[in-house]
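**Student:** First, the structure itself, so that you have it in front of you.
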Amino acid sequence: MTNEQLKQEILRISNVNVTKCMKCGKCTASCPAYDEMEYHPHQFVSMVNNGDIQPLLNSDSIYRCLSCFACMERCPRGVEPAKLVEAVRLMAVRKQGANRMKAEDVPCMLDENTPGQLLVSAFRKYSK
Amino acid sequence: MKVTYFPGCTLKNKARDLDEYARKSAEALGITLEEPETWQCCGGVFTTANDEVATKLSSVRLLKAAAEAGQSLVTVCSACHNVVKQTNYAMANDSAFADRVNRYMAEDAPYTGETKVYHYLELLRDVVGFENLAKAVKKPLTGKKIGAYYGCLLLRPGKVMGMDDAENPRIIEDLIRALGGEVVIYARRNECCGGYVSAESPALAKKNSNLIAENAASAGAELLVTACPLCKYNLEKNGSSVPVVYFTELLAEALGLKEDAND
Amino acid sequence: MQRIGVFVCWCGSNIAGTVDVHAVAEALKNESGVVFSTDYQYMCSQAGQDIIKNAIAEHKLTGIVVCSCSPRMHEATFRKTAAAAGLNPYMVEIANIREQCSWVHKDMLSGTEKAVILGRAAIAKVHLNAPLIPGQSPVAKRALVIGGGIAGIQTALDIADAGFPVDIVETKPTIGGKMAQLDKTFPTLDCAACILTPKMVDAAQNELIKIYSYSEVSQVSGYVGNFDVTIKRRARFVKEDLCTGCGLCTEKCPQKKVPNEFNLGMDTRRAIYIPFAQAVPKVATIDPDYCTMLKTGKCGICSKVCTAGAIDYTAKDEFITEKYGAIVVATGYNPISMEKFDEFAYSQSKDVITSLEFERLTNAAGPTAGKLLRPSDGEHPHKIVFVQCVGSRCDSCAEKGKEYCSKICCMYTAKHAMLTRDKYPDTEVYVFYIDVRTPGKAFDEFYRRAVEEYGVHYVKGMVGKVVPQGKKLMVQASDLIDGKQLHIDADLVVLAAAIEPDKSARPLATMLTASMDTNDFFTEAHPKLRPVESPTAGVFLSGACQGPKDIPETVSQASAAAAKVIGLLCKDHLTGNPCVASANEMLCSGCSQCANVCPYGAITYSEKEFRMPNRTTLMRRVASVNPAVCQGCGACTVACPSGAMDLNGFKNNQIMAEVDAICRN
């Protein structure tokens, strides 16, 4: 796909209006996963707008977003960066053989208190 | 009052306390929780993607079952609540999405978000009323300095969840007050513990959980209450200096039901 | 039969680009009554107007139709042209073939067809036009200024300077407004009080200016030149004429715990109080919400200590009415509530403050006598974080905050940062900004001085979360230039809260029938060419009630509004609009429906004797319209069930003739 096609696909999946962004960076200022991310919420908005999707698809940043929606809640422009991260992550894991997490990974994540909620959520985020 | 009650997967094993105390307390407060005969896991997280239908079907089936029973739907776990409420919001407000779901399910009557979804906390506030709850308290939590830990899923996105001010919530604080406890407010009470990313990056969960626990401790909290099994897990696993309990446990304790529940 | 001339304007290519103007002029020649028809490049130009004047004389025209732009644009022009040629100006009709035709059509054929139809409709109307003569009404030579901040004060001073009496109505116990609360003013750093209080004293001492403080406008009726206004003078329980402002009562009052609104609640005042030392009028006021005497009947200390005998616990609200020729709105602004932005922890820490609170903290007359001290513990802050655009520039879908830029925050924050560094060089200052907006005289230079000479850290980015922890405020923010998330352990956080119109503006706008935008700012009559007039005749706008403004702009607008008021009050009579309603008494059934819908109170009813057959008479209740009050809105003509109400210049038969002409093939 061309950059423009990738962009349109992300916009379709996420239903986000990236042109509303005024580049204040409040999303990135709010992000609790900042230190673990290569690309940060405001960069997702800007890079999607520029059709620069490939670097995002290849980055581990898409697996570090907590989906805590702090960026969405605090954005003064209603841009919803978390939905863009989700759309890029889905584009990545929907590819054949691209599941990030596999059943055989589970046993080494478990301890006696691990709630089912953790595994279910992680599977939904990291696999199709 | 009878309501449809959705416990969700985790409340059936690792978070049994959250479930059992919820049931006991509801009974004492005159609310009958009716668990549907069959239900599926909510999936743990709501997929915000527009084109995801299958991952939201279990929630729609649940919502539809409540609608058919003519009841409101009550959830306790923050994650279940987030998924079910966001799904319900999409069914009510995104007609294209609702149409796709209804075609997929191919049932006689379409579902378009009619069911009223309550979190158990909202039920206490809006149906029981905190004032009435305070009157039902038998063993007030006098002298206990308690901090609410909301985490992210209970409040956000604020527009969809509509439970409370997402930046300055008070519903758990009001519950603590109704139960006779002393409220400790601290700023990180609505910050994320690390959530499911603890599967991928335990370090991130550790850092976030520690920041939250430290902030609560420095504000003087001796106990944290939460509605989310994953929040409790992340905080405890990473060595929170402040003990963490489910809000239903505090509720049952104040209503004098705690001993019964352990029988 | 009328003799009608038709004048089709090209408006350069604005009309001629999409409408075949020659074809329109030709087609309209065939309409009944048309004795002359032509087209010209710019009908509004001198040459174009001469064509109209010559045609009126040469062809003995009794009515003319100009096919041109909107009547809002040039109806007045062409009416004057007609009058100059000896034709009654109300025999002119405009067919709007620009805004309603050429600008909305792309294709010449349909544009031309529609222009012909619009022209035909106007011709049909002119056939039924009758000459109208406008009435005249006198002008009450007194102005009312609502709001006693710097905008209202400046407007009042300028009007009084021209020799006209002015009344200022101010809701607070003193005039002075927001400017009285400020410390220094950008970009020249004059002390606000030093430049404001002389103006307050000037206003108080000017014989032509009357100040109604602690008062509000409760009712407005009438129209330009003749407004009747009721002013509610709230009971202040202190006789203004007797009180000397000695302040003894405010020292002796035992009720000490009243939040002091002048210092934004950062300290307390007594139940009887004078807001600040230079208050005008310098008169005490009793706060009935806190006064023990008024609440329980037991105390009376202020009355005992007052040597002037000015205390009156039995005082009641008083209402006075006055006639005004012009009204100036100067109701100002307030910072928005920070309630919905608790990510900045405003509700959680006393050390998170708004910029206006910061002004009070640095003001020599403020709660800390001008020493910058943390509200929580009175310690000197060593690290201060300023956050810009809190609640400004928000998209409506974010459901909190305002969509507009509040305009003043960039400059006052630069001022705060600079003054802090100047007075306390040991204090580190960070300013988080989205854009620094400094479009004013010597503004950008001022901001650059803050950065270059005073070493203020300007960071392009925003604060996401403030966490009070121990004695510190942990600020989590983005630095978009360096690509970092910053964590600053600040001692004080200052929020540049968006500003919004004062809450009194909305009900006032309803009383004045003045229009507002969706943000409750008053709307100006034209955003560029009539910026200080409201669309309602005789109502003028001054200061931030019309939009966010700094002091220099406010003062300019205040003087501009005064100039407009003076222009109005100089006139002895105003020429009215003859297109007003009138009642046909023979058809009127006296049902009152017209009076019920009239927004101007122009319709009254009276019993009238009518002759009946066989020399009998009948008393009937009928409507009559006061042409001086009627604004010609036409609401009554629609409401009237018997068709007795008609609007001159827009009579029912004229409108129907237009419709018929449009429908005719």
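Chain labels follow the order of the structure tokens: the first chain is A, the next B, and so on; residue numbering restarts at 1 in every chain, and ligands are counted from 1 in their shown order.
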DSSP says helix (DSSP H, G or I) for which residues of range 140-291 of chain C? Put them as number ranges by chain?
**Tutor:** C: 150-161, 178-181, 192-205, 248-252, 261-263
**Student:** Set the cut-off to 12 Å and count only C-alpha atoms: what are the residues of chain C that reach chain A? Output as a PDB file with N, CA and C atoms, in the first residue's frame.
**Tutor:**
```
ATOM      1  N   LYS C 340     -13.229  21.684  35.988  1.00  0.00           N
ATOM      2  CA  LYS C 340     -13.204  20.560  35.052  1.00  0.00           C
ATOM      3  C   LYS C 340     -11.797  20.207  34.587  1.00  0.00           C
ATOM      4  N   PHE C 341     -10.790  20.861  35.141  1.00  0.00           N
ATOM      5  CA  PHE C 341      -9.422  20.624  34.674  1.00  0.00           C
ATOM      6  C   PHE C 341      -8.556  20.136  35.829  1.00  0.00           C
ATOM      7  N   ASP C 342      -9.087  19.146  36.555  1.00  0.00           N
ATOM      8  CA  ASP C 342      -8.371  18.778  37.770  1.00  0.00           C
ATOM      9  C   ASP C 342      -7.133  17.935  37.518  1.00  0.00           C
ATOM     10  N   GLU C 343      -6.813  17.657  36.244  1.00  0.00           N
ATOM     11  CA  GLU C 343      -5.506  17.051  35.984  1.00  0.00           C
ATOM     12  C   GLU C 343      -4.396  17.990  36.469  1.00  0.00           C
ATOM     13  N   PHE C 344      -4.733  19.288  36.608  1.00  0.00           N
ATOM     14  CA  PHE C 344      -3.755  20.236  37.135  1.00  0.00           C
ATOM     15  C   PHE C 344      -3.856  20.384  38.659  1.00  0.00           C
ATOM     16  N   VAL C 387       1.343  27.401  33.191  1.00  0.00           N
ATOM     17  CA  VAL C 387       0.703  26.606  32.137  1.00  0.00           C
ATOM     18  C   VAL C 387      -0.205  27.519  31.327  1.00  0.00           C
ATOM     19  N   GLN C 388       0.033  27.583  30.030  1.00  0.00           N
ATOM     20  CA  GLN C 388      -0.760  28.443  29.149  1.00  0.00           C
ATOM     21  C   GLN C 388      -1.985  27.703  28.621  1.00  0.00           C
ATOM     22  N   CYS C 389      -2.945  28.478  28.103  1.00  0.00           N
ATOM     23  CA  CYS C 389      -4.089  27.920  27.367  1.00  0.00           C
ATOM     24  C   CYS C 389      -4.881  26.884  28.182  1.00  0.00           C
ATOM     25  N   VAL C 390      -5.111  27.122  29.462  1.00  0.00           N
ATOM     26  CA  VAL C 390      -5.926  26.170  30.219  1.00  0.00           C
ATOM     27  C   VAL C 390      -7.398  26.502  29.977  1.00  0.00           C
ATOM     28  N   GLY C 391      -8.023  25.688  29.150  1.00  0.00           N
ATOM     29  CA  GLY C 391      -9.436  25.911  28.828  1.00  0.00           C
ATOM     30  C   GLY C 391      -9.656  26.815  27.627  1.00  0.00           C
ATOM     31  N   SER C 392      -8.573  27.335  27.036  1.00  0.00           N
ATOM     32  CA  SER C 392      -8.722  28.089  25.794  1.00  0.00           C
ATOM     33  C   SER C 392      -8.447  27.148  24.623  1.00  0.00           C
ATOM     34  N   ARG C 393      -8.926  27.486  23.457  1.00  0.00           N
ATOM     35  CA  ARG C 393      -8.623  26.780  22.210  1.00  0.00           C
ATOM     36  C   ARG C 393      -9.043  25.313  22.265  1.00  0.00           C
ATOM     37  N   CYS C 394     -10.114  25.028  22.993  1.00  0.00           N
ATOM     38  CA  CYS C 394     -10.601  23.650  23.087  1.00  0.00           C
ATOM     39  C   CYS C 394     -11.606  23.404  21.969  1.00  0.00           C
ATOM     40  N   ASP C 395     -11.540  22.237  21.374  1.00  0.00           N
ATOM     41  CA  ASP C 395     -12.547  21.865  20.396  1.00  0.00           C
ATOM     42  C   ASP C 395     -13.847  21.564  21.138  1.00  0.00           C
ATOM     43  N   SER C 396     -14.963  21.866  20.471  1.00  0.00           N
ATOM     44  CA  SER C 396     -16.249  21.672  21.145  1.00  0.00           C
ATOM     45  C   SER C 396     -16.462  20.217  21.543  1.00  0.00           C
ATOM     46  N   CYS C 397     -15.873  19.260  20.776  1.00  0.00           N
ATOM     47  CA  CYS C 397     -16.120  17.859  21.108  1.00  0.00           C
ATOM     48  C   CYS C 397     -15.355  17.443  22.358  1.00  0.00           C
ATOM     49  N   ALA C 398     -14.418  18.273  22.835  1.00  0.00           N
ATOM     50  CA  ALA C 398     -13.743  17.957  24.090  1.00  0.00           C
ATOM     51  C   ALA C 398     -14.664  18.258  25.277  1.00  0.00           C
ATOM     52  N   GLU C 399     -15.752  18.951  25.013  1.00  0.00           N
ATOM     53  CA  GLU C 399     -16.819  19.195  25.995  1.00  0.00           C
ATOM     54  C   GLU C 399     -16.386  19.932  27.253  1.00  0.00           C
ATOM     55  N   LYS C 400     -15.280  20.594  27.226  1.00  0.00           N
ATOM     56  CA  LYS C 400     -14.963  21.518  28.307  1.00  0.00           C
ATOM     57  C   LYS C 400     -14.080  22.610  27.732  1.00  0.00           C
ATOM     58  N   GLY C 401     -14.079  23.745  28.394  1.00  0.00           N
ATOM     59  CA  GLY C 401     -13.259  24.839  27.900  1.00  0.00           C
ATOM     60  C   GLY C 401     -13.944  25.623  26.795  1.00  0.00           C
ATOM     61  N   LYS C 402     -13.183  26.577  26.252  1.00  0.00           N
ATOM     62  CA  LYS C 402     -13.713  27.503  25.254  1.00  0.00           C
ATOM     63  C   LYS C 402     -12.994  27.282  23.935  1.00  0.00           C
ATOM     64  N   GLU C 403     -13.694  27.562  22.844  1.00  0.00           N
ATOM     65  CA  GLU C 403     -13.079  27.322  21.539  1.00  0.00           C
ATOM     66  C   GLU C 403     -12.116  28.430  21.134  1.00  0.00           C
ATOM     67  N   TYR C 404     -12.266  29.601  21.756  1.00  0.00           N
ATOM     68  CA  TYR C 404     -11.480  30.739  21.296  1.00  0.00           C
ATOM     69  C   TYR C 404     -10.162  30.862  22.068  1.00  0.00           C
ATOM     70  N   PHE C 432       5.031  26.698  30.016  1.00  0.00           N
ATOM     71  CA  PHE C 432       4.652  25.729  28.988  1.00  0.00           C
ATOM     72  C   PHE C 432       3.660  26.379  28.050  1.00  0.00           C
ATOM     73  N   TYR C 433       4.007  26.394  26.758  1.00  0.00           N
ATOM     74  CA  TYR C 433       3.177  27.100  25.789  1.00  0.00           C
ATOM     75  C   TYR C 433       2.873  26.219  24.585  1.00  0.00           C
ATOM     76  N   ILE C 434       1.766  26.526  23.919  1.00  0.00           N
ATOM     77  CA  ILE C 434       1.433  25.861  22.655  1.00  0.00           C
ATOM     78  C   ILE C 434       1.925  26.752  21.508  1.00  0.00           C
ATOM     79  N   ASP C 435       1.561  28.018  21.578  1.00  0.00           N
ATOM     80  CA  ASP C 435       2.104  29.054  20.701  1.00  0.00           C
ATOM     81  C   ASP C 435       2.262  30.282  21.591  1.00  0.00           C
ATOM     82  N   VAL C 436       3.241  31.115  21.332  1.00  0.00           N
ATOM     83  CA  VAL C 436       3.299  32.389  22.054  1.00  0.00           C
ATOM     84  C   VAL C 436       2.739  33.445  21.104  1.00  0.00           C
ATOM     85  N   VAL C 459       9.005  26.476  27.344  1.00  0.00           N
ATOM     86  CA  VAL C 459       9.004  25.104  26.847  1.00  0.00           C
ATOM     87  C   VAL C 459       7.806  24.907  25.935  1.00  0.00           C
ATOM     88  N   LYS C 460       8.075  24.505  24.688  1.00  0.00           N
ATOM     89  CA  LYS C 460       6.985  24.225  23.747  1.00  0.00           C
ATOM     90  C   LYS C 460       6.409  22.867  24.122  1.00  0.00           C
ATOM     91  N   GLY C 461       5.258  22.869  24.693  1.00  0.00           N
ATOM     92  CA  GLY C 461       4.637  21.630  25.150  1.00  0.00           C
ATOM     93  C   GLY C 461       3.573  21.961  26.166  1.00  0.00           C
ATOM     94  N   MET C 462       3.013  20.928  26.726  1.00  0.00           N
ATOM     95  CA  MET C 462       1.884  21.141  27.630  1.00  0.00           C
ATOM     96  C   MET C 462       2.077  20.287  28.868  1.00  0.00           C
ATOM     97  N   VAL C 463       1.463  20.711  29.947  1.00  0.00           N
ATOM     98  CA  VAL C 463       1.473  19.916  31.169  1.00  0.00           C
ATOM     99  C   VAL C 463       0.322  18.911  31.093  1.00  0.00           C
ATOM    100  N   GLY C 464       0.620  17.649  31.424  1.00  0.00           N
ATOM    101  CA  GLY C 464      -0.417  16.623  31.359  1.00  0.00           C
ATOM    102  C   GLY C 464      -0.998  16.294  32.719  1.00  0.00           C
ATOM    103  N   LYS C 465      -0.176  16.444  33.752  1.00  0.00           N
ATOM    104  CA  LYS C 465      -0.642  16.033  35.080  1.00  0.00           C
ATOM    105  C   LYS C 465       0.181  16.760  36.134  1.00  0.00           C
ATOM    106  N   VAL C 466      -0.506  17.208  37.186  1.00  0.00           N
ATOM    107  CA  VAL C 466       0.181  17.783  38.336  1.00  0.00           C
ATOM    108  C   VAL C 466      -0.154  16.911  39.538  1.00  0.00           C
ATOM    109  N   VAL C 467       0.884  16.423  40.221  1.00  0.00           N
ATOM    110  CA  VAL C 467       0.682  15.526  41.357  1.00  0.00           C
ATOM    111  C   VAL C 467       1.258  16.170  42.616  1.00  0.00           C
ATOM    112  N   VAL C 475       5.218  18.003  38.404  1.00  0.00           N
ATOM    113  CA  VAL C 475       4.606  18.390  37.134  1.00  0.00           C
ATOM    114  C   VAL C 475       5.117  17.469  36.039  1.00  0.00           C
ATOM    115  N   GLN C 476       4.198  16.791  35.363  1.00  0.00           N
ATOM    116  CA  GLN C 476       4.567  15.923  34.245  1.00  0.00           C
ATOM    117  C   GLN C 476       4.158  16.638  32.967  1.00  0.00           C
ATOM    118  N   ALA C 477       5.138  16.868  32.089  1.00  0.00           N
ATOM    119  CA  ALA C 477       4.861  17.705  30.923  1.00  0.00           C
ATOM    120  C   ALA C 477       5.656  17.205  29.729  1.00  0.00           C
ATOM    121  N   SER C 478       5.291  17.709  28.545  1.00  0.00           N
ATOM    122  CA  SER C 478       6.050  17.335  27.358  1.00  0.00           C
ATOM    123  C   SER C 478       6.910  18.515  26.919  1.00  0.00           C
ATOM    124  N   ASP C 479       8.123  18.205  26.452  1.00  0.00           N
ATOM    125  CA  ASP C 479       8.969  19.181  25.795  1.00  0.00           C
ATOM    126  C   ASP C 479       9.069  18.712  24.352  1.00  0.00           C
ATOM    127  N   LEU C 480       8.279  19.329  23.471  1.00  0.00           N
ATOM    128  CA  LEU C 480       8.160  18.804  22.113  1.00  0.00           C
ATOM    129  C   LEU C 480       9.389  19.101  21.264  1.00  0.00           C
ATOM    130  N   ILE C 481      10.157  20.115  21.640  1.00  0.00           N
ATOM    131  CA  ILE C 481      11.350  20.442  20.856  1.00  0.00           C
ATOM    132  C   ILE C 481      12.467  19.444  21.158  1.00  0.00           C
ATOM    133  N   GLY C 483      11.933  16.572  22.529  1.00  0.00           N
ATOM    134  CA  GLY C 483      11.399  15.215  22.490  1.00  0.00           C
ATOM    135  C   GLY C 483      11.542  14.503  23.819  1.00  0.00           C
ATOM    136  N   LYS C 484      11.111  15.156  24.883  1.00  0.00           N
ATOM    137  CA  LYS C 484      11.240  14.575  26.217  1.00  0.00           C
ATOM    138  C   LYS C 484       9.933  14.694  26.975  1.00  0.00           C
ATOM    139  N   GLN C 485       9.760  13.807  27.942  1.00  0.00           N
ATOM    140  CA  GLN C 485       8.721  14.044  28.938  1.00  0.00           C
ATOM    141  C   GLN C 485       9.446  14.597  30.164  1.00  0.00           C
ATOM    142  N   LEU C 486       9.006  15.752  30.616  1.00  0.00           N
ATOM    143  CA  LEU C 486       9.685  16.399  31.745  1.00  0.00           C
ATOM    144  C   LEU C 486       8.956  16.096  33.046  1.00  0.00           C
ATOM    145  N   HIS C 487       9.728  15.994  34.117  1.00  0.00           N
ATOM    146  CA  HIS C 487       9.155  15.848  35.455  1.00  0.00           C
ATOM    147  C   HIS C 487       9.795  16.932  36.320  1.00  0.00           C
ATOM    148  N   ILE C 488       9.002  17.920  36.678  1.00  0.00           N
ATOM    149  CA  ILE C 488       9.532  19.072  37.408  1.00  0.00           C
ATOM    150  C   ILE C 488       8.926  19.089  38.804  1.00  0.00           C
TER     151      ILE C 488
END
```
**Student:** Tell me, as a PyMOL selection string, which residues lie within 12 Å of Glu112 in chain A, counting only C-alpha atoms; anything in the same chain fewer than 5 positions away does not count.
**Tutor:** (chain A and resi 107) or (chain B and resi 13-14+233+237)
**Student:** Suppose we keep N, CA and C atoms; can you now write the selection as a PDB file, in the first residue's frame?
**Tutor:**
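Output saved as part34.pdb:
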```pdb
ATOM      1  N   PRO A 107       2.379 -19.677  30.064  1.00  0.00           N
ATOM      2  CA  PRO A 107       2.845 -20.257  31.328  1.00  0.00           C
ATOM      3  C   PRO A 107       3.926 -19.435  32.018  1.00  0.00           C
TER       4      PRO A 107
ATOM      5  N   ASN B  13     -12.833 -16.686  39.581  1.00  0.00           N
ATOM      6  CA  ASN B  13     -11.685 -17.387  40.157  1.00  0.00           C
ATOM      7  C   ASN B  13     -10.812 -16.479  41.033  1.00  0.00           C
ATOM      8  N   LYS B  14      -9.943 -15.658  40.428  1.00  0.00           N
ATOM      9  CA  LYS B  14      -8.978 -14.932  41.259  1.00  0.00           C
ATOM     10  C   LYS B  14      -9.600 -13.789  42.064  1.00  0.00           C
ATOM     11  N   TYR B 233      -3.929  -6.607  41.371  1.00  0.00           N
ATOM     12  CA  TYR B 233      -2.812  -7.511  41.084  1.00  0.00           C
ATOM     13  C   TYR B 233      -1.518  -6.734  40.861  1.00  0.00           C
ATOM     14  N   LYS B 237       1.525  -6.998  43.361  1.00  0.00           N
ATOM     15  CA  LYS B 237       2.687  -7.704  42.837  1.00  0.00           C
ATOM     16  C   LYS B 237       3.938  -6.834  42.925  1.00  0.00           C
TER      17      LYS B 237
END
```
**Student:** Can I get the residues of chain A within 6 Å of chain B, each with the closest pair of atoms and their distance in Å to one decimal, using only C-alpha atoms, sorted chain first then ascending number, as a Markdown table?
**Tutor:**
```
| residue | atom | partner | partner_atom | distance |
| --- | --- | --- | --- | --- |
| A:Ile13 | CA | B:Asn50 | CA | 5.1 |
| A:Ser14 | CA | B:Ala49 | CA | 5.2 |
| A:Cys68 | CA | B:Cys152 | CA | 5.2 |
| A:Lys83 | CA | B:Thr48 | CA | 6.0 |
| A:Pro115 | CA | B:Lys14 | CA | 5.5 |
| A:Gly116 | CA | B:Thr10 | CA | 5.2 |
| A:Gln117 | CA | B:Gly44 | CA | 5.7 |
| A:Leu118 | CA | B:Tyr196 | CA | 5.2 |
| A:Val120 | CA | B:Gly44 | CA | 5.7 |
| A:Ser121 | CA | B:Gly44 | CA | 4.5 |
| A:Ala122 | CA | B:Tyr196 | CA | 5.3 |
```
**Student:** For C-alpha atoms, I'd like the residues from the last selection saved as a short mmCIF file (atom, residue, chain, number, x, y, z; two decimals), in the first residue's frame.
**Tutor:**
```
data_model
loop_
_atom_site.label_atom_id
_atom_site.label_comp_id
_atom_site.auth_asym_id
_atom_site.auth_seq_id
_atom_site.Cartn_x
_atom_site.Cartn_y
_atom_site.Cartn_z
CA ILE A 13 -10.33 1.92 11.29
CA SER A 14 -9.87 4.57 13.98
CA CYS A 68 -5.71 3.97 29.57
CA LYS A 83 -7.57 5.14 18.89
CA PRO A 115 -6.05 -12.69 37.12
CA GLY A 116 -7.77 -14.08 34.05
CA GLN A 117 -8.46 -10.49 33.10
CA LEU A 118 -4.76 -9.92 32.40
CA VAL A 120 -7.71 -12.13 28.20
CA SER A 121 -6.83 -8.46 27.77
CA ALA A 122 -3.29 -9.14 26.62
#
```
**Student:** Quick one: contact table of chain B to chain C, 8 Å max, nearest atom pair and distance in Å to one decimal per residue, counting only C-alpha atoms, chain and number order, as a tab-separated table?
**Tutor:**
```
residue	atom	partner	partner_atom	distance
B:Asp165	CA	C:Lys340	CA	7.4
B:Glu167	CA	C:Asp342	CA	5.2
B:Asn168	CA	C:Asp342	CA	5.6
B:Ile185	CA	C:Gln348	CA	7.7
B:Tyr186	CA	C:Pro468	CA	7.5
B:Ala187	CA	C:Val467	CA	5.2
B:Arg188	CA	C:Val467	CA	6.8
B:Asn215	CA	C:Gln469	CA	6.3
B:Ser218	CA	C:Gly470	CA	6.5
B:Ala219	CA	C:Gln469	CA	7.2
```
**Student:** Take the residues from that selection and write them out as a PDB file, in the first residue's frame, keeping C-alpha atoms.
**Tutor:**
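In the end it all went to result-v8.pdb:
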```pdb
ATOM      1  CA  ASP B 165     -15.681  13.717  36.444  1.00  0.00           C
ATOM      2  CA  GLU B 167     -10.185  14.134  36.390  1.00  0.00           C
ATOM      3  CA  ASN B 168     -11.765  14.738  39.768  1.00  0.00           C
ATOM      4  CA  ILE B 185      -7.419  12.326  48.138  1.00  0.00           C
ATOM      5  CA  TYR B 186      -4.292  11.864  46.050  1.00  0.00           C
ATOM      6  CA  ALA B 187      -3.647  12.920  42.472  1.00  0.00           C
ATOM      7  CA  ARG B 188      -2.620   9.616  40.935  1.00  0.00           C
ATOM      8  CA  ASN B 215       1.552   9.050  46.064  1.00  0.00           C
ATOM      9  CA  SER B 218       2.498  10.180  51.085  1.00  0.00           C
ATOM     10  CA  ALA B 219      -1.021  11.584  51.188  1.00  0.00           C
TER      11      ALA B 219
END
```
**Student:** Set the distance at 12 Å and use only C-alpha atoms: which residues neighbour Phe247 in chain B once local chain neighbours fewer than 5 positions away are removed? I'd like the list as an NGL selection string.
**Tutor:** :B and (15 or 17-22 or 25 or 76-78 or 120-121 or 124 or 146-150 or 171-176 or 179 or 223-229 or 232 or 252-254)
**Student:** For the residues in that selection, give me C-alpha atoms as an mmCIF file, in the first residue's frame.
**Tutor:**
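part_19.cif, written as the output of this step:
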```
data_model
loop_
_atom_site.group_PDB
_atom_site.id
_atom_site.type_symbol
_atom_site.label_atom_id
_atom_site.label_comp_id
_atom_site.auth_asym_id
_atom_site.auth_seq_id
_atom_site.Cartn_x
_atom_site.Cartn_y
_atom_site.Cartn_z
ATOM 1 C CA ALA B 15 -11.334 -12.167 42.346
ATOM 2 C CA ASP B 17 -14.018 -11.684 47.013
ATOM 3 C CA LEU B 18 -15.107 -8.929 44.681
ATOM 4 C CA ASP B 19 -18.050 -11.076 43.575
ATOM 5 C CA GLU B 20 -19.137 -12.643 46.855
ATOM 6 C CA TYR B 21 -19.146 -9.439 48.866
ATOM 7 C CA ALA B 22 -21.039 -7.737 46.051
ATOM 8 C CA SER B 25 -24.207 -6.606 50.169
ATOM 9 C CA VAL B 76 -18.543 -4.870 39.236
ATOM 10 C CA CYS B 77 -15.189 -5.367 37.551
ATOM 11 C CA SER B 78 -13.853 -2.131 36.022
ATOM 12 C CA TYR B 120 -22.134 -1.454 41.105
ATOM 13 C CA LEU B 121 -20.853 1.873 42.468
ATOM 14 C CA LEU B 124 -25.091 2.383 45.219
ATOM 15 C CA ILE B 146 -8.770 5.209 52.892
ATOM 16 C CA GLY B 147 -7.757 6.256 49.403
ATOM 17 C CA ALA B 148 -9.851 5.464 46.349
ATOM 18 C CA TYR B 149 -7.947 3.942 43.474
ATOM 19 C CA TYR B 150 -9.935 4.371 40.278
ATOM 20 C CA ILE B 171 -17.948 8.343 43.700
ATOM 21 C CA ILE B 172 -15.620 6.020 45.648
ATOM 22 C CA GLU B 173 -14.788 8.818 48.085
ATOM 23 C CA ASP B 174 -18.495 9.324 48.708
ATOM 24 C CA LEU B 175 -18.845 5.581 49.298
ATOM 25 C CA ILE B 176 -15.985 5.637 51.809
ATOM 26 C CA LEU B 179 -19.277 3.736 55.203
ATOM 27 C CA LEU B 223 -5.747 1.396 52.683
ATOM 28 C CA LEU B 224 -6.583 1.574 48.989
ATOM 29 C CA VAL B 225 -9.875 0.464 47.488
ATOM 30 C CA THR B 226 -10.382 -0.542 43.902
ATOM 31 C CA ALA B 227 -12.943 -2.143 41.649
ATOM 32 C CA CYS B 228 -10.446 -3.749 39.290
ATOM 33 C CA PRO B 229 -8.753 -7.147 39.762
ATOM 34 C CA LYS B 232 -5.139 -4.940 42.642
ATOM 35 C CA ALA B 252 -19.671 -5.869 53.277
ATOM 36 C CA GLU B 253 -17.483 -5.146 56.280
ATOM 37 C CA ALA B 254 -19.340 -1.948 57.083
#
```
**Student:** Just want the 12 Å neighbourhood of range 360-377 of chain C, counted on only C-alpha atoms, with same-chain residues fewer than 5 positions away dropped. Output as a PyMOL selection string.
**Tutor:** chain C and resi 178-185+191-194+259-269+275-278+348-355+382-384+415-417+419-421+423-424+427+468+470-473+490-494
